[in-house]
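Okay, so here's the structure we're looking at.
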Amino acid sequence: MPVWAAGFPGNAKPIRRAARLDGFFPANLEHPDQLAEVVNTLTELRDGEMDSYDIAVGLPLGIDPGPYARAGATWWLPEFEPGAPLDTVRGVLRDGPAG
């Protein structure tokens with residue numbers, strides 16, 4: 001079972017820890033450039049070994065995950081507002097990944 005760490009971009013300790021694991025889930029990303037910086041740091045810490053490494057991003061519905069994928073994300077997890085209608089959740093599941 002893969003083990004991912006989570007942390008805030010710019011917080012070095014969780015990123016160093018994540019480099020020894022199977023993936024990283026950066027919290028509170030504001031822009032794909034932040035993700036690109038994290039991916040660059042992880043790539044350096046892992047001596048370029050990123051082929052089987054996961055980078056997950058959580059994005060609100062309606063945000064295009066494409067720029068995050070180009071910055072290095074390998075997973076996109078849609079974020080739902082508390083109390084989101086069940087039909088909204090089912091629609092995301094039915095429609096599958098964007099792009």
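Residue numbers start at 1 in each chain; chains themselves are named A, B, ... in the order of the structure tokens; ligands are numbered from 1 in the order shown.
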Exercise for review: Using only C-alpha atoms, determine which residues lie at most 10 Å from A:Gly23, disregarding the query and same-chain residues fewer than 2 positions distant; provide the list as an MDAnalysis selection string.
Suggested key: chainID A and resid 2:6 15 17:21 25:26 42 50 52:56 74
Check your understanding: How would you write, as a PyMOL selection string, the set of residues in chain A that DSSP gives as alpha helix (DSSP H)?
Key -> chain A and resi 12-19+32-45+66-70+86-95
Residues from the last selection, N, CA and C atoms, saved as a short mmCIF file (atom, residue, chain, number, x, y, z; two decimals), in the first residue's frame:
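Once everything was written out, this is part04.cif:
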data_model
loop_
_atom_site.label_atom_id
_atom_site.label_comp_id
_atom_site.auth_asym_id
_atom_site.auth_seq_id
_atom_site.Cartn_x
_atom_site.Cartn_y
_atom_site.Cartn_z
N ALA A 12 9.61 22.71 4.57
CA ALA A 12 10.62 21.75 4.13
C ALA A 12 10.52 20.39 4.82
N LYS A 13 10.21 20.36 6.09
CA LYS A 13 10.25 19.09 6.82
C LYS A 13 9.29 18.03 6.26
N PRO A 14 8.00 18.37 6.01
CA PRO A 14 7.12 17.36 5.42
C PRO A 14 7.55 16.95 4.01
N ILE A 15 8.13 17.86 3.27
CA ILE A 15 8.57 17.53 1.91
C ILE A 15 9.76 16.57 1.97
N ARG A 16 10.68 16.80 2.90
CA ARG A 16 11.81 15.86 3.07
C ARG A 16 11.30 14.49 3.49
N ARG A 17 10.32 14.46 4.39
CA ARG A 17 9.73 13.19 4.82
C ARG A 17 9.05 12.50 3.63
N ALA A 18 8.29 13.26 2.87
CA ALA A 18 7.57 12.71 1.73
C ALA A 18 8.52 12.13 0.69
N ALA A 19 9.69 12.70 0.56
CA ALA A 19 10.66 12.21 -0.42
C ALA A 19 11.08 10.77 -0.13
N PRO A 32 -0.46 26.51 -9.82
CA PRO A 32 0.38 25.40 -10.29
C PRO A 32 1.88 25.65 -10.12
N ASP A 33 2.30 26.93 -10.13
CA ASP A 33 3.73 27.22 -9.94
C ASP A 33 4.21 26.73 -8.57
N GLN A 34 3.34 26.81 -7.56
CA GLN A 34 3.72 26.27 -6.24
C GLN A 34 3.98 24.78 -6.34
N LEU A 35 3.11 24.09 -7.07
CA LEU A 35 3.29 22.64 -7.23
C LEU A 35 4.58 22.35 -7.97
N ALA A 36 4.88 23.10 -9.00
CA ALA A 36 6.11 22.89 -9.76
C ALA A 36 7.34 23.01 -8.86
N GLU A 37 7.32 23.98 -7.94
CA GLU A 37 8.44 24.13 -7.00
C GLU A 37 8.57 22.91 -6.10
N VAL A 38 7.44 22.41 -5.61
CA VAL A 38 7.44 21.23 -4.75
C VAL A 38 7.98 20.03 -5.52
N VAL A 39 7.51 19.86 -6.75
CA VAL A 39 7.96 18.73 -7.58
C VAL A 39 9.45 18.82 -7.84
N ASN A 40 9.96 20.01 -8.11
CA ASN A 40 11.40 20.19 -8.32
C ASN A 40 12.18 19.80 -7.08
N THR A 41 11.71 20.23 -5.92
CA THR A 41 12.38 19.89 -4.66
C THR A 41 12.37 18.38 -4.44
N LEU A 42 11.21 17.75 -4.63
CA LEU A 42 11.12 16.31 -4.46
C LEU A 42 12.01 15.56 -5.45
N THR A 43 12.06 16.04 -6.67
CA THR A 43 12.91 15.41 -7.69
C THR A 43 14.37 15.45 -7.26
N GLU A 44 14.80 16.59 -6.72
CA GLU A 44 16.18 16.71 -6.22
C GLU A 44 16.41 15.76 -5.05
N LEU A 45 15.49 15.75 -4.09
CA LEU A 45 15.64 14.92 -2.90
C LEU A 45 15.63 13.42 -3.25
N GLY A 66 -5.52 20.54 -15.58
CA GLY A 66 -4.46 20.47 -16.58
C GLY A 66 -3.17 21.17 -16.21
N PRO A 67 -3.22 22.44 -15.77
CA PRO A 67 -1.97 23.11 -15.39
C PRO A 67 -1.25 22.41 -14.23
N TYR A 68 -2.01 21.80 -13.35
CA TYR A 68 -1.40 21.07 -12.23
C TYR A 68 -0.75 19.78 -12.72
N ALA A 69 -1.38 19.13 -13.69
CA ALA A 69 -0.79 17.93 -14.29
C ALA A 69 0.52 18.29 -14.99
N ARG A 70 0.52 19.40 -15.71
CA ARG A 70 1.75 19.84 -16.38
C ARG A 70 2.84 20.21 -15.39
N LEU A 86 -25.80 15.31 -3.34
CA LEU A 86 -25.40 13.98 -3.77
C LEU A 86 -25.36 13.87 -5.29
N ASP A 87 -26.27 14.55 -5.97
CA ASP A 87 -26.26 14.52 -7.44
C ASP A 87 -24.97 15.12 -8.01
N THR A 88 -24.42 16.11 -7.33
CA THR A 88 -23.15 16.71 -7.77
C THR A 88 -22.03 15.70 -7.66
N VAL A 89 -21.96 15.02 -6.53
CA VAL A 89 -20.92 14.01 -6.32
C VAL A 89 -21.08 12.88 -7.33
N ARG A 90 -22.29 12.41 -7.51
CA ARG A 90 -22.53 11.34 -8.48
C ARG A 90 -22.15 11.79 -9.90
N GLY A 91 -22.42 13.03 -10.22
CA GLY A 91 -22.08 13.55 -11.54
C GLY A 91 -20.57 13.54 -11.79
N VAL A 92 -19.81 13.90 -10.78
CA VAL A 92 -18.33 13.86 -10.91
C VAL A 92 -17.87 12.42 -11.09
N LEU A 93 -18.44 11.52 -10.32
CA LEU A 93 -18.07 10.10 -10.46
C LEU A 93 -18.46 9.57 -11.83
N ARG A 94 -19.63 9.95 -12.31
CA ARG A 94 -20.11 9.48 -13.61
C ARG A 94 -19.25 10.02 -14.75
N ASP A 95 -18.91 11.30 -14.67
CA ASP A 95 -18.20 11.96 -15.76
C ASP A 95 -16.72 11.60 -15.80
#
Exercise for review: Write out as a ChimeraX atom specification the residues lying within 8 Å of A:Leu61, counting only C-alpha atoms and excluding same-chain residues fewer than 6 positions away.
Suggested key: /A:78-80
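In this comparison, which uses only C-alpha atoms, the residue of A:Glu81, A:Gly10, A:His31, A:Met1 approaching A:Pro65 most closely is A:His31.
Separating atom CA of A:Pro9 from atom CA of A:Asn28 is a distance of 7.9 Å.
Here atom CA of A:Pro85 stands at a distance of 20.9 Å from atom CA of A:Asp64.
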